[in-house]
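See below for run-v1.cif, which holds mmCIF, C-alpha atoms.
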```
data_work
#
loop_
_atom_site.label_atom_id
_atom_site.label_comp_id
_atom_site.auth_asym_id
_atom_site.auth_seq_id
_atom_site.Cartn_x
_atom_site.Cartn_y
_atom_site.Cartn_z
CA MET A 26 -24.85 52.70 31.31
CA ILE A 27 -23.06 56.06 31.59
CA PRO A 28 -19.77 55.96 29.64
CA LEU A 29 -16.81 55.26 31.92
CA LEU A 30 -14.83 57.98 30.14
CA VAL A 31 -17.37 60.58 31.25
CA TYR A 32 -17.35 59.15 34.75
CA ALA A 33 -13.55 59.35 34.85
CA VAL A 34 -13.58 63.00 33.82
CA PHE A 35 -16.01 63.84 36.62
CA ALA A 36 -14.21 61.81 39.27
CA GLN A 37 -11.04 63.80 39.80
CA THR A 38 -9.12 62.70 42.87
CA SER A 39 -8.32 66.18 44.18
CA PHE A 40 -10.70 65.70 47.08
CA GLN A 41 -11.83 68.90 48.78
CA PRO A 42 -14.23 69.63 51.66
CA LEU A 43 -17.75 70.42 50.50
CA ASN A 44 -17.72 73.59 52.62
CA HIS A 45 -14.17 74.60 51.56
CA LYS A 46 -12.99 74.92 55.17
CA PRO A 47 -9.23 74.33 55.63
CA LEU A 48 -7.86 71.44 57.62
CA PRO A 49 -6.05 72.42 60.85
CA PRO A 50 -2.33 71.73 61.27
CA SER A 51 -1.73 67.98 61.20
CA SER A 52 -1.24 66.18 64.50
CA ASN A 53 -0.76 62.60 65.69
CA ASP A 54 -3.45 63.17 68.33
CA PHE A 55 -6.77 64.45 66.98
CA TRP A 56 -10.53 63.88 66.87
CA PHE A 57 -12.79 63.56 63.86
CA VAL A 58 -16.49 62.86 63.38
CA ALA A 59 -18.15 60.37 61.04
CA LEU A 60 -21.84 60.49 60.16
CA GLY A 61 -24.16 59.66 57.31
CA ASP A 62 -27.68 59.40 55.93
CA ASN A 63 -29.25 62.69 56.89
CA ARG A 64 -31.58 63.06 53.90
CA PRO A 65 -35.23 63.99 54.57
CA ALA A 66 -38.14 61.53 54.43
CA GLY A 67 -39.57 62.75 51.13
CA ALA A 68 -39.01 64.73 47.96
CA GLY A 69 -38.77 68.49 48.25
CA LEU A 70 -38.39 68.55 52.04
CA PRO A 71 -35.71 70.69 53.75
CA PRO A 72 -32.88 69.29 55.92
CA THR A 73 -34.21 67.48 58.98
CA ARG A 74 -34.32 68.96 62.47
CA THR A 75 -32.15 66.07 63.66
CA PHE A 76 -29.41 66.90 61.16
CA ARG A 77 -29.51 70.61 62.01
CA GLU A 78 -29.10 69.74 65.70
CA LEU A 79 -26.27 67.31 64.94
CA ILE A 80 -24.50 70.04 62.99
CA GLU A 81 -24.78 72.34 66.02
CA GLU A 82 -23.40 69.69 68.36
CA VAL A 83 -20.55 68.75 66.04
CA SER A 84 -19.74 72.46 65.63
CA ILE A 85 -19.35 72.80 69.41
CA ILE A 86 -16.94 69.87 69.38
CA ASP A 87 -15.18 71.38 66.32
CA PRO A 88 -13.20 68.25 65.38
CA ALA A 89 -10.32 68.30 62.93
CA PHE A 90 -12.85 67.40 60.22
CA VAL A 91 -16.10 65.55 59.50
CA ILE A 92 -16.49 62.69 57.04
CA SER A 93 -19.92 61.74 55.73
CA SER A 94 -20.96 58.47 54.13
CA GLY A 95 -23.55 60.08 51.91
CA ASP A 96 -27.26 60.64 51.31
CA LEU A 97 -27.01 64.34 52.06
CA LEU A 98 -30.03 64.98 49.82
CA TYR A 99 -33.28 63.20 49.08
CA GLY A 100 -32.75 63.16 45.30
CA ASN A 101 -34.40 59.99 43.98
CA GLU A 102 -37.50 60.92 41.94
CA GLU A 103 -37.14 64.68 42.44
CA THR A 104 -37.02 67.10 39.55
CA VAL A 105 -33.72 68.79 38.85
CA ASP A 106 -35.18 72.03 40.25
CA GLN A 107 -36.08 70.27 43.51
CA TYR A 108 -32.58 68.80 43.66
CA ARG A 109 -31.05 72.24 43.21
CA GLN A 110 -33.28 73.62 45.97
CA GLU A 111 -32.04 70.90 48.33
CA VAL A 112 -28.48 71.88 47.48
CA LYS A 113 -29.33 75.52 48.31
CA TRP A 114 -30.70 74.43 51.70
CA MET A 115 -27.74 72.19 52.44
CA LYS A 116 -24.87 74.52 51.57
CA PRO A 117 -25.47 77.13 54.31
CA LEU A 118 -25.70 74.35 56.91
CA LEU A 119 -22.34 72.93 55.89
CA ASP A 120 -20.85 76.43 55.62
CA SER A 121 -21.94 77.15 59.19
CA MET A 122 -19.59 74.48 60.50
CA PRO A 123 -16.16 75.63 61.69
CA CYS A 124 -14.45 72.49 60.36
CA ALA A 125 -13.98 70.79 56.99
CA PHE A 126 -16.79 68.47 55.83
CA PHE A 127 -16.01 65.66 53.35
CA ASN A 128 -18.65 63.45 51.72
CA ALA A 129 -18.78 60.16 49.82
CA PRO A 130 -22.04 60.44 47.82
CA GLY A 131 -24.86 57.93 48.32
CA ASN A 132 -27.58 56.47 46.16
CA HIS A 133 -29.97 59.31 46.97
CA GLU A 134 -27.56 61.90 45.53
CA ILE A 135 -27.13 59.83 42.33
CA ASN A 136 -30.08 57.38 42.09
CA ASN A 137 -29.50 56.13 38.57
CA ARG A 138 -29.76 59.71 37.33
CA PRO A 139 -26.75 60.95 35.29
CA GLU A 140 -28.14 64.46 35.54
CA PHE A 141 -28.07 64.21 39.35
CA MET A 142 -24.45 63.10 39.25
CA LYS A 143 -23.59 66.16 37.18
CA GLU A 144 -25.54 68.42 39.57
CA TYR A 145 -23.73 66.92 42.57
CA ILE A 146 -20.29 67.45 41.04
CA ALA A 147 -21.14 71.01 40.00
CA ALA A 148 -22.35 71.83 43.52
CA PHE A 149 -19.93 69.88 45.72
CA GLY A 150 -16.98 68.62 43.71
CA PRO A 151 -15.38 65.21 42.96
CA LEU A 152 -17.11 61.93 43.71
CA TYR A 153 -14.05 60.33 45.28
CA GLY A 154 -10.52 61.13 46.39
CA SER A 155 -8.14 61.09 49.33
CA PHE A 156 -6.33 63.29 51.84
CA GLU A 157 -3.85 62.66 54.64
CA PHE A 158 -3.91 63.84 58.23
CA GLY A 159 -1.96 62.80 61.32
CA GLY A 160 -0.13 60.03 59.49
CA ILE A 161 -3.42 58.44 58.36
CA ARG A 162 -4.71 58.29 54.80
CA PHE A 163 -8.43 59.05 54.42
CA VAL A 164 -10.04 57.73 51.25
CA GLY A 165 -13.56 58.66 50.18
CA VAL A 166 -14.99 56.34 47.51
CA CYS A 167 -18.17 56.44 45.45
CA THR A 168 -20.19 53.22 45.39
CA GLU A 169 -22.90 54.78 43.20
CA VAL A 170 -22.81 54.95 39.41
CA PRO A 171 -25.96 55.33 37.27
CA ALA A 172 -27.19 52.07 35.68
CA GLU A 173 -24.84 49.94 37.79
CA LYS A 174 -25.30 47.98 41.00
CA PRO A 175 -23.60 49.56 44.03
CA SER A 176 -19.93 48.75 43.43
CA ILE A 177 -16.49 50.15 42.72
CA PHE A 178 -15.06 49.32 39.31
CA GLY A 179 -13.31 50.76 36.26
CA ASP A 180 -11.11 53.82 36.69
CA GLN A 181 -11.98 54.26 40.35
CA LEU A 182 -11.00 50.67 41.17
CA THR A 183 -7.75 51.10 39.22
CA TRP A 184 -7.04 54.26 41.21
CA LEU A 185 -7.76 52.46 44.50
CA GLN A 186 -5.50 49.56 43.54
CA LYS A 187 -2.67 51.96 42.73
CA LEU A 188 -3.23 53.85 45.99
CA ALA A 189 -3.15 50.56 47.91
CA THR A 190 0.36 49.74 46.72
CA GLU A 191 1.62 52.32 49.23
CA LYS A 192 0.54 50.46 52.34
CA LYS A 193 -0.19 52.75 55.29
CA PRO A 194 -2.84 53.24 58.00
CA THR A 195 -6.00 54.08 56.05
CA VAL A 196 -9.59 55.04 56.81
CA TYR A 197 -12.03 54.43 53.96
CA PHE A 198 -15.48 55.98 53.86
CA GLU A 199 -18.28 55.09 51.46
CA HIS A 200 -22.04 54.78 51.25
CA HIS A 201 -22.96 51.13 50.62
CA PRO A 202 -21.34 48.82 53.18
CA ILE A 203 -18.93 45.97 52.55
CA PHE A 204 -20.46 43.95 55.40
CA PRO A 205 -24.15 44.81 55.98
CA ARG A 206 -25.53 44.09 59.44
CA ALA A 207 -26.49 40.44 59.90
CA SER A 208 -30.26 41.01 59.74
CA ASN A 209 -29.88 42.96 56.49
CA ALA A 210 -27.18 40.98 54.72
CA GLU A 211 -29.40 38.99 52.34
CA LYS A 212 -31.04 42.05 50.80
CA GLU A 213 -29.75 42.53 47.27
CA THR A 214 -29.16 46.27 47.65
CA ALA A 215 -27.81 46.18 51.22
CA GLY A 216 -24.12 46.21 50.30
CA VAL A 217 -21.70 46.59 47.40
CA ALA A 218 -21.72 43.93 44.68
CA ASN A 219 -17.95 43.29 44.73
CA ALA A 220 -17.62 43.22 48.52
CA ALA A 221 -15.07 40.39 48.73
CA GLU A 222 -12.76 42.08 46.24
CA LEU A 223 -12.95 45.41 48.06
CA HIS A 224 -12.47 43.92 51.51
CA ALA A 225 -9.30 42.19 50.32
CA LEU A 226 -8.04 45.43 48.77
CA TYR A 227 -8.81 47.44 51.93
CA ARG A 228 -7.28 44.82 54.24
CA ASP A 229 -4.08 44.51 52.24
CA SER A 230 -3.66 48.29 51.87
CA GLY A 231 -3.43 48.88 55.62
CA ALA A 232 -7.04 49.76 56.39
CA VAL A 233 -7.73 50.31 60.08
CA MET A 234 -11.33 51.48 59.73
CA VAL A 235 -14.05 51.57 57.08
CA LEU A 236 -16.92 54.00 57.70
CA GLU A 237 -20.18 53.35 55.87
CA GLY A 238 -23.87 54.25 55.67
CA HIS A 239 -26.97 53.35 53.64
CA ASP A 240 -28.45 51.38 56.56
CA HIS A 241 -29.97 53.97 58.92
CA ILE A 242 -28.59 52.40 62.08
CA TYR A 243 -25.34 52.02 64.02
CA ASP A 244 -23.43 48.76 63.51
CA ALA A 245 -19.90 47.61 64.32
CA GLN A 246 -18.09 44.59 62.88
CA MET A 247 -14.46 43.44 62.82
CA HIS A 248 -13.11 41.51 59.82
CA ASP A 249 -9.47 40.47 59.42
CA GLY A 250 -8.36 43.24 61.75
CA VAL A 251 -10.35 45.94 59.92
CA ASP A 252 -12.91 47.87 61.97
CA TYR A 253 -16.13 48.30 59.94
CA ARG A 254 -18.64 50.85 61.28
CA ILE A 255 -22.01 51.76 59.81
CA ALA A 256 -22.94 55.20 61.14
CA GLY A 257 -26.15 55.92 59.26
CA GLY A 258 -28.15 57.82 61.86
CA ALA A 259 -27.73 61.49 60.97
CA GLY A 260 -31.41 62.23 60.36
CA ALA A 261 -32.90 59.97 57.68
CA PRO A 262 -35.81 57.70 58.73
CA LEU A 263 -34.40 54.96 60.95
CA ASP A 264 -34.11 51.37 59.68
CA GLY A 265 -34.23 49.48 62.97
CA ALA A 266 -35.31 49.37 66.58
CA THR A 267 -33.12 51.05 69.19
CA LYS A 268 -31.76 47.67 70.33
CA ASP A 269 -30.62 47.03 66.74
CA GLY A 270 -28.77 50.35 66.47
CA GLY A 271 -31.75 52.37 65.27
CA TYR A 272 -31.11 55.75 66.87
CA PHE A 273 -29.91 59.14 65.65
CA HIS A 274 -26.20 59.61 66.23
CA PHE A 275 -22.77 60.59 65.00
CA LEU A 276 -19.52 58.72 65.56
CA LEU A 277 -16.75 60.47 67.50
CA VAL A 278 -13.30 59.07 66.66
CA HIS A 279 -10.07 59.73 68.57
CA ALA A 280 -6.89 59.15 66.59
CA HIS A 281 -3.69 58.89 68.61
CA ASP A 282 -0.37 57.55 67.32
CA GLY A 283 -2.13 55.79 64.45
CA LYS A 284 -4.71 54.05 66.68
CA LEU A 285 -8.43 54.79 66.50
CA ASP A 286 -11.01 54.70 69.31
CA SER A 287 -14.61 55.44 68.37
CA THR A 288 -17.80 56.12 70.31
CA PRO A 289 -21.32 56.61 68.90
CA ILE A 290 -22.81 59.79 70.36
CA PRO A 291 -26.64 59.95 70.36
CA SER A 292 -28.12 63.21 69.11
CA GLY A 293 -29.33 65.72 71.68
CA THR A 294 -26.63 64.92 74.23
CA LEU A 295 -24.73 68.23 74.21
CA GLU A 296 -26.04 71.62 75.26
CA VAL A 297 -24.55 75.03 76.07
CA VAL A 298 -26.78 77.07 78.42
CA PRO A 299 -26.05 80.78 79.09
CA ILE A 300 -26.26 81.47 82.85
CA SER A 301 -25.13 85.07 83.27
CA ASP A 302 -22.72 87.56 81.74
CA GLY A 303 -19.59 85.58 80.85
CA VAL A 304 -20.87 82.31 82.35
CA VAL A 305 -22.30 79.21 80.65
CA ALA A 306 -23.19 75.70 81.76
CA VAL A 307 -22.10 73.02 79.30
CA ALA A 308 -24.18 69.87 79.77
CA ASP A 309 -22.97 66.46 78.65
CA TYR A 310 -25.77 63.87 78.51
CA ALA A 311 -23.72 61.25 76.67
CA TYR A 312 -21.88 58.38 78.32
CA ALA A 313 -18.59 59.74 77.00
CA ASP A 314 -16.12 62.50 77.66
CA LEU A 315 -16.45 65.07 74.89
CA PRO A 316 -13.60 67.26 73.61
CA LEU A 317 -15.04 70.71 72.94
CA ASN A 318 -13.07 73.29 70.97
CA ASN A 319 -15.81 75.77 70.14
CA VAL A 320 -17.82 76.73 73.23
CA ARG A 321 -19.04 80.29 72.62
CA ILE A 322 -19.49 82.65 75.58
CA THR A 323 -20.64 86.28 75.40
CA SER A 324 -19.66 88.96 77.88
CA LYS A 325 -19.86 92.72 78.30
CA PHE A 326 -16.20 92.76 79.37
CA GLU A 327 -13.04 91.63 77.61
CA PRO A 328 -12.00 88.39 79.36
CA LYS A 329 -8.46 87.80 80.57
CA SER A 330 -8.92 84.26 81.91
CA VAL A 331 -11.29 81.31 82.05
CA LYS A 332 -12.13 78.74 84.73
CA ALA A 333 -14.28 75.61 84.51
CA ASP A 334 -15.49 73.12 87.10
CA TYR A 335 -18.23 70.62 87.93
CA THR A 336 -19.64 69.12 91.10
CA SER A 337 -19.07 65.39 91.62
CA LYS A 338 -21.60 62.98 93.13
CA THR A 339 -19.80 63.32 96.47
CA GLY A 340 -20.38 67.08 96.43
CA LYS A 341 -16.76 68.01 95.67
CA THR A 342 -15.94 70.70 93.15
CA LYS A 343 -13.51 69.48 90.50
CA SER A 344 -11.62 71.75 88.15
CA VAL A 345 -11.55 71.22 84.40
CA ASP A 346 -8.78 72.48 82.13
CA ALA A 347 -10.15 75.20 79.87
CA THR A 348 -8.43 77.52 77.41
CA ILE A 349 -9.43 80.72 75.65
CA VAL A 350 -8.96 80.15 71.92
CA ARG A 351 -9.83 83.67 70.81
CA THR A 352 -11.94 86.68 71.76
CA THR A 353 -13.73 88.88 69.23
CA LYS A 354 -15.39 92.26 69.75
CA VAL A 355 -18.92 92.16 68.34
CA GLY A 356 -20.79 95.45 68.64
CA ASP A 357 -21.10 96.32 72.34
CA HIS A 358 -20.01 92.90 73.66
CA PHE A 359 -17.29 90.28 73.36
CA GLU A 360 -17.61 86.75 72.00
CA THR A 361 -15.08 84.28 73.36
CA GLN A 362 -14.28 80.81 72.05
CA VAL A 363 -13.24 78.33 74.73
CA SER A 364 -11.93 74.76 74.53
CA LEU A 365 -12.23 72.10 77.27
CA LEU A 366 -12.71 68.38 77.83
CA LEU A 367 -16.26 67.81 79.02
CA THR A 368 -16.73 65.10 81.66
CA ARG A 369 -19.43 62.58 80.81
CA ALA A 370 -22.89 62.97 82.27
CA LYS A 371 -21.99 66.24 83.99
CA ALA A 372 -22.80 69.94 83.85
CA THR A 373 -19.59 71.95 83.68
CA PHE A 374 -19.72 75.65 84.50
CA VAL A 375 -17.39 77.82 82.46
CA ARG A 376 -16.64 81.32 83.78
CA LEU A 377 -14.74 84.08 82.05
CA GLY A 378 -12.56 86.32 84.26
CA LYS A 379 -11.65 89.98 83.99
#
```
Starting from the file, give its structure as structure tokens.
Amino acid sequence: MIPLLVYAVFAQTSFQPLNHKPLPPSSNDFWFVALGDNRPAGAGLPPTRTFRELIEEVSIIDPAFVISSGDLLYGNEETVDQYRQEVKWMKPLLDSMPCAFFNAPGNHEINNRPEFMKEYIAAFGPLYGSFEFGGIRFVGVCTEVPAEKPSIFGDQLTWLQKLATEKKPTVYFEHHPIFPRASNAEKETAGVANAAELHALYRDSGAVMVLEGHDHIYDAQMHDGVDYRIAGGAGAPLDGATKDGGYFHFLLVHAHDGKLDSTPIPSGTLEVVPISDGVVAVADYAYADLPLNNVRITSKFEPKSVKADYTSKTGKTKSVDATIVRTTKVGDHFETQVSLLLTRAKATFVRLGK
């Protein structure tokens, strides 16, 4: 067992994004993304195509931030050099995102390997911690400690108990689930060992949502008014049939006045297609309206306005509110960032004006 004193030193609670991107100004109405389990299928392999595509889609949405429930890397039986190579592959992907990316490490990052835990902390920072945004407390916890069953104990549990004394709307995110899906619940390693204790702590602290991974599926359960969501479909090999939640996805969450509405978004459902100079078609293949804050459009002219519209099933043209966020001169052309709310299952044409 790794000494708890060493673990406590490593687990500082000054939680920072892995990609060091700043949070936007706080608001009571915002969107964030939850995802998890994007590690490749085997040792020494680079980040999966699915995860790279999810990163692109999430970057177009550009939410307030992203929270991950772990297994960023394959880890496991890799050598330390292989682990470090995976970190080198992962960092540029996370850095390419316009928004902050937080992570609660999973068993693949740690895997009963104290040396892996040290490598993770050196590369990405603390194992657990909290931040606040929009009147909601977000708490990332680490369910993985070398030589221990998945659980939360010792100094981390003491910290959580102290944090819970200030009851407020809270979102927890972690790797091993408190409530595994029904068909997986009897497996010894499916969830955390002290699940009942943690559920009571979360419930009594004001938890509104707990976001988890480890199981490479999507699953939703409600317990004592707490919304538990497993969103483990960010690229790792799937653990179930499609009907059982086995599909690649991320979870889009809308927070408004302390309430949370969430929708799983399958991968490959968002695309920006250049049409002509200063014109793009933004295609939404998901059964959900998507808030987009980072649609990039190139033009040979400096734009003064933007218009967006789509054609309904009745053949009518309907306008969509769109806003220019910023325009940057790049060489001999301009790159403009546009925000809009994309209507589900539609192709919206966005046109820059002179």
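If you measure from each of A:Val251, A:Leu276, A:Met122, A:Val217 to Ile85 (chain A) using all atoms listed in the file, the closest one turns out to be A:Met122.
Counting all atoms listed in the file, the residue from A:Ile290, A:Cys167, A:Val345, A:Ala232 that sits nearest to Val278 (chain A) is A:Ile290.
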Exactly which residues make up the result of the PyMOL selection byres ((chain A and resi 317-333) around 6) on this file, given as a list in words?
->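 Written out, the selection comes to Ile85, Ile86, Asp87, Asp302, Gly303, Pro316, Asp334, Ser344, Val345, His358, Phe359, Glu360, Thr361, Gln362, Val363, Ser364, Leu365, Leu366, Phe374, Val375, Arg376, Leu377, Gly378 and Lys379 of chain A.
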All residues 12 Å or closer to Gly250 (chain A), all atoms listed in the file, same chain fewer than 4 positions away omitted, as a ChimeraX atom specification | /A:224-225,227-229,231-235,246
Would you please work out which residue, of A:Ser292, A:Phe163, A:Ser301, A:Pro72, is nearest to Leu188 (chain A) when using all atoms listed in the file?
->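 Nearest candidate to Leu188 (chain A) out of A:Ser292, A:Phe163, A:Ser301, A:Pro72: A:Phe163.
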Pairwise distance for CA of Phe126 (chain A) and CA of Val83 (chain A), rounded to one decimal in Å =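 We find that CA of Phe126 (chain A) and CA of Val83 (chain A) lie 10.9 Å from each other.
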Extract, using only C-alpha atoms, all DNA, RNA and protein residues at most 9 Å from Met142 (chain A), discarding same-chain residues fewer than 4 positions from it, and format them as a count of residues only.
-> 11
Rounded to one decimal in Å, what is the spacing between CA of Lys143 (chain A) and CA of Met115 (chain A)?
->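 Interatomic distance, CA of Lys143 (chain A) to CA of Met115 (chain A): 16.9 Å.
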What residues come out when you apply the PyMOL selection byres ((chain A and resi 309) around 7) to this file, written as a PyMOL selection string?
-> chain A and resi 294-296+307-308+310-311+367+369-372
Keeping only C-alpha atoms, take the residues you just selected and write them out as a JSON list (two decimals), in the coordinates of the input.
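New file selection_8.json:
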```json
[["chain", "number", "residue", "atom", "x", "y", "z"],
["A", 294, "THR", "CA", -26.63, 64.92, 74.23],
["A", 295, "LEU", "CA", -24.73, 68.23, 74.21],
["A", 296, "GLU", "CA", -26.04, 71.62, 75.26],
["A", 307, "VAL", "CA", -22.10, 73.02, 79.30],
["A", 308, "ALA", "CA", -24.18, 69.87, 79.77],
["A", 310, "TYR", "CA", -25.77, 63.87, 78.51],
["A", 311, "ALA", "CA", -23.72, 61.25, 76.67],
["A", 367, "LEU", "CA", -16.26, 67.81, 79.02],
["A", 369, "ARG", "CA", -19.43, 62.58, 80.81],
["A", 370, "ALA", "CA", -22.89, 62.97, 82.27],
["A", 371, "LYS", "CA", -21.99, 66.24, 83.99],
["A", 372, "ALA", "CA", -22.80, 69.94, 83.85]]
```
One decimal place gives the CA of Gly150 (chain A)-CA of Pro42 (chain A) separation as 8.5 Å
Residues in the PyMOL selection byres ((chain A and resi 57) around 10), expressed as a PyMOL selection string = chain A and resi 55-56+58-59+83+86-92+124+276-280+287
Between A:Glu111, A:Asp269, A:Glu191, A:Asp282, which has the minimum distance to Pro71 (chain A) (counting all atoms listed in the file)?
->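 Of A:Glu111, A:Asp269, A:Glu191, A:Asp282, the one nearest Pro71 (chain A), counting all atoms listed in the file, is A:Glu111.
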Contacts of Phe127 (chain A) at 10 Å or less, counting all atoms listed in the file, minus same-chain residues fewer than 2 places along, as a VMD selection string?
-> chain A and resid 40 to 46 59 90 to 95 119 124 to 125 129 to 130 149 153 to 155 165 198
